[in-house]
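A.B. asks: Just so it is clear, I am handing over input_14.txt, which has compact mmCIF, C-alpha atoms.
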```txt
# COMPACT_ATOMS: atom_id res chain seq x y z
CA MET A 5 17.70 24.39 9.46
CA GLU A 6 15.15 26.51 11.26
CA TRP A 7 13.87 27.91 7.94
CA ILE A 8 12.41 24.52 6.98
CA PHE A 9 9.78 24.83 9.67
CA LYS A 10 8.76 28.33 8.61
CA PRO A 11 6.69 29.00 5.46
CA TRP A 12 8.95 28.79 2.42
CA PRO A 13 9.45 32.00 0.44
CA TRP A 14 8.64 32.04 -3.29
CA TYR A 15 12.32 31.91 -4.27
CA ILE A 16 12.60 28.52 -2.56
CA GLY A 17 9.25 27.09 -3.69
CA GLY A 18 9.43 28.15 -7.35
CA PRO A 19 12.88 26.74 -8.17
CA MET A 20 12.01 23.52 -6.31
CA ILE A 21 8.92 23.09 -8.51
CA ALA A 22 11.23 23.41 -11.52
CA PHE A 23 13.39 20.71 -9.91
CA VAL A 24 10.34 18.41 -9.67
CA LEU A 25 9.61 19.11 -13.35
CA PHE A 26 13.21 18.16 -14.13
CA LEU A 27 13.09 14.99 -12.01
CA LEU A 28 9.97 13.75 -13.80
CA LEU A 29 11.56 14.40 -17.21
CA PHE A 30 14.77 12.74 -16.04
CA PHE A 31 12.74 9.69 -15.08
CA GLY A 32 11.16 9.67 -18.52
CA LYS A 33 7.75 11.20 -17.68
CA ASN A 34 5.92 14.50 -18.02
CA PHE A 35 4.56 16.71 -15.26
CA GLY A 36 0.75 16.84 -15.19
CA MET A 37 -1.41 16.22 -12.14
CA SER A 38 -4.91 16.45 -13.65
CA SER A 39 -4.28 13.35 -15.82
CA ASN A 40 -4.74 11.44 -12.58
CA LEU A 41 -8.41 12.46 -12.50
CA ARG A 42 -8.94 10.70 -15.84
CA THR A 43 -7.07 7.63 -14.62
CA LEU A 44 -9.20 7.56 -11.46
CA CYS A 45 -12.34 7.71 -13.66
CA THR A 46 -11.04 4.74 -15.65
CA LEU A 47 -10.38 2.84 -12.41
CA CYS A 48 -14.00 3.51 -11.41
CA GLY A 49 -15.20 1.91 -14.64
CA ALA A 50 -15.84 5.01 -16.78
CA GLY A 51 -14.44 3.08 -19.76
CA LYS A 52 -17.89 1.51 -20.14
CA THR A 53 -19.43 4.94 -20.77
CA SER A 54 -16.94 6.65 -23.09
CA ARG A 55 -13.96 5.62 -25.20
CA PHE A 56 -12.12 8.58 -23.67
CA PHE A 57 -11.58 6.41 -20.58
CA ASN A 58 -10.73 3.26 -22.50
CA PHE A 59 -6.99 3.14 -22.05
CA ASP A 60 -4.59 0.95 -20.13
CA TRP A 61 -4.49 2.67 -16.76
CA LYS A 62 -1.23 0.91 -15.95
CA THR A 63 0.56 3.29 -18.36
CA GLN A 64 -0.43 6.03 -15.89
CA GLN A 65 0.35 4.08 -12.74
CA TRP A 66 3.53 6.11 -12.18
CA ASN A 67 1.44 9.30 -12.02
CA LEU A 68 -0.89 7.81 -9.40
CA PHE A 69 2.25 7.21 -7.34
CA VAL A 70 3.17 10.89 -7.75
CA ALA A 71 -0.34 11.76 -6.50
CA LEU A 72 -0.04 9.33 -3.58
CA GLY A 73 3.32 10.92 -2.81
CA ALA A 74 1.72 14.38 -2.90
CA ILE A 75 -0.77 13.19 -0.27
CA ILE A 76 2.03 11.84 1.94
CA GLY A 77 4.10 15.00 1.33
CA GLY A 78 1.12 17.14 2.37
CA TRP A 79 0.86 15.15 5.58
CA MET A 80 4.59 15.48 6.25
CA GLY A 81 4.54 19.20 5.47
CA ALA A 82 1.68 19.80 7.88
CA ASN A 83 2.75 17.44 10.68
CA TRP A 84 6.54 17.19 10.61
CA LEU A 85 7.79 20.28 8.85
CA SER A 86 5.68 23.08 10.32
CA ASN A 87 5.67 24.60 13.77
CA GLU A 88 2.51 26.50 13.10
CA ALA A 89 1.09 26.80 9.62
CA ILE A 90 -0.44 30.25 9.38
CA VAL A 91 -0.44 32.08 6.06
CA GLN A 92 0.80 35.67 6.49
CA LEU A 93 -1.46 37.57 4.13
CA ASN A 94 -1.53 41.15 2.97
CA PRO A 95 -3.53 43.10 5.63
CA ASP A 96 -5.83 44.38 2.84
CA THR A 97 -6.62 40.78 1.88
CA ILE A 98 -7.40 39.95 5.51
CA ASN A 99 -9.74 42.95 5.82
CA GLN A 100 -11.56 42.03 2.63
CA LEU A 101 -12.02 38.41 3.68
CA HIS A 102 -13.26 39.46 7.12
CA GLN A 103 -15.97 41.45 5.35
CA PHE A 104 -16.98 38.26 3.53
CA ASN A 105 -17.16 36.57 6.95
CA ILE A 106 -13.98 34.57 6.38
CA LYS A 107 -12.79 35.33 9.90
CA SER A 108 -9.96 32.80 9.85
CA ALA A 109 -8.03 34.92 7.30
CA GLY A 110 -4.62 35.75 8.76
CA ALA A 111 -4.96 33.12 11.48
CA ALA A 112 -4.95 29.80 9.60
CA TYR A 113 -3.54 27.87 6.63
CA MET A 114 -6.95 27.33 5.04
CA PRO A 115 -10.27 29.14 5.61
CA GLU A 116 -12.04 27.22 8.35
CA GLU A 117 -15.31 28.58 6.95
CA LEU A 118 -14.80 26.34 3.88
CA PHE A 119 -12.37 23.57 4.78
CA SER A 120 -13.20 22.39 8.30
CA LEU A 121 -15.54 19.49 9.00
CA GLN A 122 -17.78 21.94 10.85
CA ALA A 123 -18.13 24.01 7.68
CA LEU A 124 -19.79 21.04 5.99
CA THR A 125 -22.91 21.58 8.08
CA ASN A 126 -23.50 24.58 5.80
CA PRO A 127 -25.17 23.39 2.55
CA LYS A 128 -23.83 26.46 0.72
CA VAL A 129 -20.25 25.35 1.43
CA ILE A 130 -20.94 21.87 0.07
CA LEU A 131 -22.47 23.42 -3.04
CA SER A 132 -19.47 25.74 -3.55
CA LEU A 133 -16.90 22.95 -3.13
CA SER A 134 -18.88 20.64 -5.43
CA LEU A 135 -19.33 23.21 -8.18
CA GLY A 136 -15.72 24.36 -7.90
CA GLY A 137 -14.43 20.81 -8.07
CA PHE A 138 -16.60 20.08 -11.09
CA LEU A 139 -15.28 23.14 -12.94
CA VAL A 140 -11.67 22.23 -12.08
CA GLY A 141 -12.07 18.67 -13.40
CA PHE A 142 -14.08 19.55 -16.49
CA GLY A 143 -11.95 22.57 -17.39
CA ALA A 144 -8.61 20.83 -16.84
CA ARG A 145 -9.52 17.98 -19.18
CA TYR A 146 -11.09 20.30 -21.76
CA ALA A 147 -7.94 22.45 -21.74
CA GLY A 148 -5.77 19.32 -21.78
CA GLY A 149 -3.97 20.18 -18.55
CA CYS A 150 -3.96 22.20 -15.37
CA THR A 151 -1.49 24.48 -13.64
CA SER A 152 1.25 21.83 -13.65
CA GLY A 153 0.70 20.65 -17.22
CA HIS A 154 0.25 24.06 -18.85
CA ALA A 155 1.51 26.86 -16.56
CA ILE A 156 4.68 24.99 -15.51
CA SER A 157 5.38 22.18 -17.97
CA GLY A 158 3.86 23.65 -21.15
CA LEU A 159 5.15 27.20 -20.71
CA SER A 160 8.61 25.90 -19.73
CA ASN A 161 8.58 24.08 -23.06
CA LEU A 162 7.55 27.36 -24.77
CA GLN A 163 4.21 26.00 -25.99
CA LEU A 164 2.06 28.85 -27.31
CA VAL A 165 -1.16 26.92 -26.64
CA SER A 166 -0.20 26.62 -22.96
CA LEU A 167 -0.12 30.41 -22.89
CA PHE A 168 -3.72 30.43 -24.20
CA ALA A 169 -4.66 28.01 -21.42
CA VAL A 170 -2.92 30.05 -18.72
CA ILE A 171 -4.58 33.26 -19.97
CA GLY A 172 -7.86 31.32 -19.74
CA PHE A 173 -7.00 30.24 -16.16
CA PHE A 174 -6.57 33.87 -15.20
CA ILE A 175 -9.68 35.14 -17.01
CA GLY A 176 -11.74 32.49 -15.19
CA GLY A 177 -9.98 33.03 -11.87
CA LEU A 178 -10.32 36.82 -11.97
CA LEU A 179 -14.01 36.56 -12.94
CA MET A 180 -14.66 34.24 -10.03
CA ASN A 181 -12.53 36.16 -7.56
CA HIS A 182 -13.79 39.66 -8.32
CA PHE A 183 -17.41 39.15 -9.34
CA LEU A 184 -18.82 35.73 -8.42
CA LEU A 185 -17.03 34.65 -5.24
CA PRO A 186 -19.07 36.92 -2.90
CA TYR A 187 -22.17 34.89 -3.85
CA PHE A 188 -20.47 31.62 -2.93
CA LEU A 189 -19.04 32.60 0.47
CA MET B 23 10.49 -0.75 -7.93
CA ARG B 24 10.47 2.06 -10.51
CA GLN B 25 7.24 3.29 -8.98
CA LEU B 26 9.08 4.11 -5.75
CA TYR B 27 11.00 6.87 -7.56
CA PHE B 28 7.69 8.45 -8.48
CA LEU B 29 6.39 8.09 -4.94
CA PHE B 30 9.43 10.03 -3.68
CA ILE B 31 9.10 12.70 -6.37
CA GLY B 32 5.44 13.03 -5.35
CA ILE B 33 6.38 13.36 -1.67
CA LEU B 34 8.83 16.13 -2.55
CA PHE B 35 6.14 17.83 -4.65
CA GLY B 36 3.56 17.58 -1.85
CA ILE B 37 5.98 19.06 0.69
CA ILE B 38 6.79 21.95 -1.68
CA MET B 39 3.09 22.64 -2.35
CA PHE B 40 2.30 22.72 1.36
CA LYS B 41 5.37 24.60 2.59
CA SER B 42 5.38 27.23 -0.17
CA GLU B 43 1.67 27.79 0.62
CA ALA B 44 0.74 27.29 -3.04
CA ALA B 45 -1.85 24.85 -1.67
CA SER B 46 -3.50 27.53 0.48
CA TRP B 47 -6.85 28.92 -0.64
CA PHE B 48 -5.79 32.23 0.91
CA ARG B 49 -2.75 32.53 -1.35
CA ILE B 50 -4.82 31.93 -4.48
CA TYR B 51 -7.36 34.52 -3.36
CA GLU B 52 -4.57 37.03 -2.66
CA MET B 53 -3.00 36.28 -6.06
CA PHE B 54 -6.22 37.03 -7.96
CA GLN B 55 -6.56 40.25 -5.94
CA PHE B 56 -3.00 41.22 -7.01
CA GLN B 57 -2.26 41.87 -3.34
CA SER B 58 0.90 39.80 -3.05
CA PHE B 59 3.86 38.88 -5.21
CA HIS B 60 4.15 35.46 -3.57
CA MET B 61 2.30 33.26 -6.11
CA TYR B 62 3.65 35.20 -9.08
CA GLY B 63 7.14 34.72 -7.66
CA ILE B 64 6.58 30.97 -7.32
CA ILE B 65 5.19 30.51 -10.83
CA GLY B 66 7.66 32.98 -12.36
CA SER B 67 10.78 31.48 -10.79
CA ALA B 68 9.57 27.93 -11.53
CA LEU B 69 9.20 29.01 -15.17
CA PHE B 70 12.56 30.77 -15.24
CA PHE B 71 14.37 27.61 -14.19
CA GLY B 72 11.96 25.35 -16.09
CA VAL B 73 12.73 27.05 -19.41
CA ILE B 74 16.48 26.85 -18.78
CA LEU B 75 16.36 23.19 -17.73
CA ILE B 76 14.30 22.13 -20.75
CA GLN B 77 16.57 24.07 -23.11
CA LEU B 78 19.59 22.33 -21.54
CA ILE B 79 17.90 18.92 -21.87
CA LYS B 80 17.26 19.59 -25.56
CA ARG B 81 20.66 21.16 -26.28
CA PHE B 82 22.63 18.34 -24.70
CA LYS B 83 20.14 15.61 -25.72
CA LEU B 84 20.09 14.36 -22.13
CA LYS B 85 18.99 10.77 -21.62
CA SER B 86 16.65 9.66 -18.85
CA VAL B 87 18.01 7.50 -16.01
CA PHE B 88 16.70 4.49 -17.89
CA GLY B 89 18.80 5.38 -20.96
CA GLU B 90 15.87 6.50 -23.13
CA SER B 91 15.96 9.89 -24.83
CA ILE B 92 13.81 12.48 -23.03
CA ARG B 93 10.71 13.25 -25.07
CA ILE B 94 8.60 16.31 -24.35
CA PRO B 95 5.62 16.06 -26.71
CA ASP B 96 4.34 19.27 -28.31
CA LYS B 97 0.74 20.04 -27.44
CA ASP B 98 -1.94 19.93 -30.16
CA LYS B 99 -2.36 23.23 -31.97
CA SER B 100 -5.76 24.78 -31.29
CA PHE B 101 -7.28 27.79 -29.61
CA TYR B 102 -10.81 27.12 -28.37
CA ARG B 103 -10.14 24.14 -26.16
CA TYR B 104 -7.30 25.91 -24.37
CA MET B 105 -9.11 29.22 -23.93
CA LEU B 106 -12.58 27.82 -23.07
CA GLY B 107 -11.24 24.94 -20.99
CA GLY B 108 -8.84 27.34 -19.32
CA ILE B 109 -11.61 29.76 -18.36
CA ILE B 110 -13.74 26.93 -16.92
CA PHE B 111 -10.75 25.64 -14.98
CA GLY B 112 -9.97 29.16 -13.76
CA LEU B 113 -13.50 29.63 -12.42
CA GLY B 114 -13.08 26.45 -10.37
CA TRP B 115 -9.56 27.40 -9.29
CA GLY B 116 -10.77 30.80 -8.08
CA LEU B 117 -13.62 29.20 -6.13
CA THR B 118 -11.91 26.22 -4.47
CA GLY B 119 -8.39 27.71 -4.46
CA ALA B 120 -7.17 24.26 -5.44
CA CYS B 121 -5.70 22.94 -8.66
CA PRO B 122 -5.28 19.17 -9.00
CA GLY B 123 -1.80 18.97 -7.39
CA PRO B 124 -2.76 20.79 -4.20
CA ILE B 125 -6.01 18.78 -4.01
CA PHE B 126 -3.88 15.71 -3.20
CA THR B 127 -1.59 17.70 -0.89
CA LEU B 128 -4.54 19.02 1.11
CA ILE B 129 -5.97 15.52 1.63
CA GLY B 130 -2.71 14.58 3.33
CA ALA B 131 -2.60 17.82 5.30
CA GLY B 132 -5.97 16.86 6.79
CA PHE B 133 -8.36 19.37 5.21
CA PHE B 134 -10.92 16.69 4.48
CA PRO B 135 -13.64 18.80 2.79
CA ILE B 136 -11.19 18.83 -0.15
CA LEU B 137 -12.39 15.24 -0.77
CA ILE B 138 -15.65 16.78 -2.03
CA VAL B 139 -13.60 18.86 -4.47
CA LEU B 140 -11.69 15.73 -5.58
CA PHE B 141 -14.88 13.73 -6.07
CA PHE B 142 -16.55 16.43 -8.16
CA ALA B 143 -13.34 17.04 -10.11
CA MET B 144 -13.59 13.37 -11.10
CA VAL B 145 -17.26 13.87 -11.98
CA GLY B 146 -16.29 16.90 -14.09
CA THR B 147 -13.60 14.87 -15.87
CA TRP B 148 -16.11 12.09 -16.50
CA ILE B 149 -18.75 14.46 -17.89
CA TYR B 150 -16.11 15.99 -20.16
CA GLY B 151 -15.36 12.49 -21.47
CA LEU B 152 -19.07 12.02 -22.23
CA VAL B 153 -19.70 15.32 -24.02
CA ARG B 154 -16.32 16.15 -25.53
CA ASN B 155 -17.40 15.24 -29.07
CA LYS B 156 -20.01 18.01 -28.91
CA LEU B 157 -17.57 20.69 -27.72
CA PRO B 158 -15.47 23.00 -29.93
CA HIS B 159 -11.82 22.01 -29.66
```
Now that the file is in, can you turn its structure into structure tokens?
C.D. replies:
Amino acid sequence: MEWIFKPWPWYIGGPMIAFVLFLLLFFGKNFGMSSNLRTLCTLCGAGKTSRFFNFDWKTQQWNLFVALGAIIGGWMGANWLSNEAIVQLNPDTINQLHQFNIKSAGAAYMPEELFSLQALTNPKVILSLSLGGFLVGFGARYAGGCTSGHAISGLSNLQLVSLFAVIGFFIGGLLMNHFLLPYFL
Amino acid sequence: MRQLYFLFIGILFGIIMFKSEAASWFRIYEMFQFQSFHMYGIIGSALFFGVILIQLIKRFKLKSVFGESIRIPDKDKSFYRYMLGGIIFGLGWGLTGACPGPIFTLIGAGFFPILIVLFFAMVGTWIYGLVRNKLPH
């Protein structure tokens, strides 16, 4: 049982994600996390501003419970199921990130330079997180799904359009990672 | 009561996202640098089993636990919305290292600046709802 407390290798994580996809189908639903963002907008009253948010949020209540579960699962993963959560990165990756002043690379689960409360004293970090979040929300809804809806659920169902979306994810991600990210760090 | 099933599925999903490190910004960075097989292995093996499971569901016309037939709707045929929306999403994914699932996981794991990402992801969704009639789909 010792392996549970260590980081899980890809051949455990990947098949278990497929199992989650199966469970949701078996319970009569479809896997898609970004739909929750739309539901949250509706709960905040966005239905007054656009018909896009005028739907019965209760039909999506089940998905909010999945999201709530993901929060609880994140807490359990970090607090109960990990001895020390440090991501073992490729040494080249660590060197690169050190050059960008991400000194926590190789010594933490998340970059402290972006995701610690202390980091929020840096206005540039707040700007990066805000812009990134905006792009994630806007893009996911425009594309009609995110990594779970297209890359996992859509591709598993052999949907050609999900392949377009996933190619788009990688074009955008590679552009950001290789050309733009240095300006945001 | 039915909602409890979904809470448990969500808990399982959150644990997987955290423990497989798919929720880590570092892993996403490393993936886009092609410096590790880890994320490709996760997505690839999830797809491998996902394709098989969905084919089995269709072949054997499996019913859900509630006795309904399992429906997996086809997505609308189009190109622009998937490619353009995908690229915009990818830019955000590459910057924050977080797609919507891990955003929730990271809240629970205690990385609270992710709440800024969540808030602006909602703002982005809202703005999309306002301007979507003017966008090519």
A.B. asks: Kindly indicate which residue among B:Ile149, B:Pro158, B:Val73, B:Phe54 lies nearest to A:Arg42, using all atoms listed in the file for the distances.
C.D. replies: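 So, comparing all the options, the nearest one is B:Ile149.
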A.B. asks: Which polymer residues, whether protein, DNA or RNA, lie within 8 Å of the coordinate (9.9, 29.6, -11.9) when you count all atoms listed in the file? List them as a list of chain:residue names, using the chain letters and numbers from the file.
C.D. replies: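 Every polymer residue passing the test: A:Gly18, A:Pro19, A:Ile21, A:Ala22, A:Ile156, B:Gly63, B:Ile64, B:Ile65, B:Gly66, B:Ser67, B:Ala68, B:Leu69, B:Phe70, B:Phe71, B:Gly72.
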A.B. asks: Just the residues within 10 Å of stretch 127-144 of chain A, please, counting all atoms listed in the file, with nothing from its chain fewer than 6 positions along; format it as number ranges by chain.
C.D. replies: A: 37-39, 41-42, 117-119, 150-151, 153-154, 169, 172-173, 185, 187-189; B: 103-122, 125, 135-151, 154
A.B. asks: Please determine, counting all atoms listed in the file, which residue among A:Pro95, A:Pro186, A:Gly73, A:Gly110 has the shortest atom-to-atom distance to chain B.
C.D. replies: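 Smallest separation from chain B among the options: A:Gly73.
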A.B. asks: Quick check, in Å to one decimal: how far apart do atom CA of A:Asp60 and atom CA of B:Lys80 lie?
C.D. replies: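 So the answer is 29.2 Å.
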A.B. asks: Ranking A:Asn83, A:Ser152, A:Asn67, A:Gln163 by minimum distance to B:Ala44 and counting all atoms listed in the file, which one comes first?
C.D. replies: A:Ser152
A.B. asks: Taking (-9.9, 41.0, 4.7) as a centre in this file's frame and 12 Å as the limit, can you find every polymer residue with an atom that close, using only C-alpha atoms, and give them as a list of chain:residue names?
C.D. replies: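 So the residues meeting the distance criterion are A:Leu93, A:Asn94, A:Pro95, A:Asp96, A:Thr97, A:Ile98, A:Asn99, A:Gln100, A:Leu101, A:His102, A:Gln103, A:Phe104, A:Asn105, A:Ile106, A:Lys107, A:Ser108, A:Ala109, A:Gly110, A:Ala111, A:Pro115, B:Phe48, B:Tyr51, B:Glu52, B:Gln55, B:Gln57.
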A.B. asks: What's the separation between atom CA of A:Tyr113 and atom CA of A:Leu85, in Å to one decimal place?
C.D. replies: 13.8 Å
A.B. asks: For chain A, which residue out of B:Leu78, B:Leu157, B:Leu29, B:Met23 is the nearest one, using only C-alpha atoms?
C.D. replies: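 Comparing B:Leu78, B:Leu157, B:Leu29, B:Met23 against chain A, the winner is B:Leu29.
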A.B. asks: At a cut-off of 8 Å, using only C-alpha atoms, what residues contact A:Ala89? Leave out same-chain residues fewer than 2 positions from it and give the result as a list in words.
C.D. replies: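 Returned residues: Lys10, Pro11, Ala82, Ser86, Asn87, Val91, Ala112 and Tyr113 of chain A.
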A.B. asks: Please report the interatomic distance between atom CA of B:Phe101 and atom CA of A:Leu184 in Å with one decimal.
C.D. replies: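 Result for atom CA of B:Phe101 versus atom CA of A:Leu184: 25.4 Å, one decimal.
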A.B. asks: Reconstruct stretch 59-77 of chain B at the level of N, CA, C and O atoms, and format the result as a compact mmCIF listing (two decimals), in the coordinates of the input.
C.D. replies:
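Saved as rebuild.txt:
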```
# COMPACT_ATOMS: atom_id res chain seq x y z
N PHE B 59 2.99 39.37 -4.14
CA PHE B 59 3.86 38.88 -5.21
C PHE B 59 4.10 37.38 -5.08
O PHE B 59 4.57 36.74 -6.02
N HIS B 60 3.74 36.82 -3.92
CA HIS B 60 4.15 35.46 -3.57
C HIS B 60 3.89 34.43 -4.68
O HIS B 60 4.82 33.77 -5.14
N MET B 61 2.64 34.29 -5.11
CA MET B 61 2.30 33.26 -6.11
C MET B 61 2.95 33.55 -7.46
O MET B 61 3.37 32.64 -8.17
N TYR B 62 3.01 34.84 -7.81
CA TYR B 62 3.65 35.20 -9.08
C TYR B 62 5.14 34.86 -9.02
O TYR B 62 5.73 34.44 -10.02
N GLY B 63 5.73 35.07 -7.84
CA GLY B 63 7.14 34.72 -7.66
C GLY B 63 7.36 33.22 -7.81
O GLY B 63 8.32 32.78 -8.44
N ILE B 64 6.46 32.43 -7.22
CA ILE B 64 6.58 30.97 -7.32
C ILE B 64 6.48 30.53 -8.77
O ILE B 64 7.37 29.84 -9.30
N ILE B 65 5.40 30.95 -9.45
CA ILE B 65 5.19 30.51 -10.83
C ILE B 65 6.31 31.07 -11.73
O ILE B 65 6.88 30.35 -12.56
N GLY B 66 6.64 32.35 -11.52
CA GLY B 66 7.66 32.98 -12.36
C GLY B 66 9.02 32.33 -12.22
O GLY B 66 9.69 32.04 -13.21
N SER B 67 9.45 32.06 -10.96
CA SER B 67 10.78 31.48 -10.79
C SER B 67 10.78 30.02 -11.22
O SER B 67 11.79 29.52 -11.74
N ALA B 68 9.66 29.31 -11.03
CA ALA B 68 9.57 27.93 -11.53
C ALA B 68 9.73 27.94 -13.05
O ALA B 68 10.44 27.10 -13.62
N LEU B 69 9.10 28.91 -13.71
CA LEU B 69 9.20 29.01 -15.17
C LEU B 69 10.60 29.38 -15.61
O LEU B 69 11.13 28.82 -16.58
N PHE B 70 11.21 30.33 -14.90
CA PHE B 70 12.56 30.77 -15.24
C PHE B 70 13.51 29.56 -15.30
O PHE B 70 14.20 29.33 -16.29
N PHE B 71 13.48 28.77 -14.21
CA PHE B 71 14.37 27.61 -14.19
C PHE B 71 13.86 26.48 -15.09
O PHE B 71 14.66 25.74 -15.66
N GLY B 72 12.53 26.38 -15.22
CA GLY B 72 11.96 25.35 -16.09
C GLY B 72 12.39 25.53 -17.53
O GLY B 72 12.79 24.57 -18.20
N VAL B 73 12.33 26.77 -18.02
CA VAL B 73 12.73 27.05 -19.41
C VAL B 73 14.20 26.70 -19.60
O VAL B 73 14.57 26.02 -20.56
N ILE B 74 15.05 27.13 -18.66
CA ILE B 74 16.48 26.85 -18.78
C ILE B 74 16.74 25.35 -18.78
O ILE B 74 17.47 24.82 -19.64
N LEU B 75 16.11 24.63 -17.83
CA LEU B 75 16.36 23.19 -17.73
C LEU B 75 15.94 22.47 -19.00
O LEU B 75 16.66 21.60 -19.50
N ILE B 76 14.78 22.83 -19.54
CA ILE B 76 14.30 22.13 -20.75
C ILE B 76 15.18 22.47 -21.95
O ILE B 76 15.49 21.60 -22.77
N GLN B 77 15.64 23.72 -22.02
CA GLN B 77 16.57 24.07 -23.11
C GLN B 77 17.87 23.27 -22.99
O GLN B 77 18.40 22.78 -23.98
```
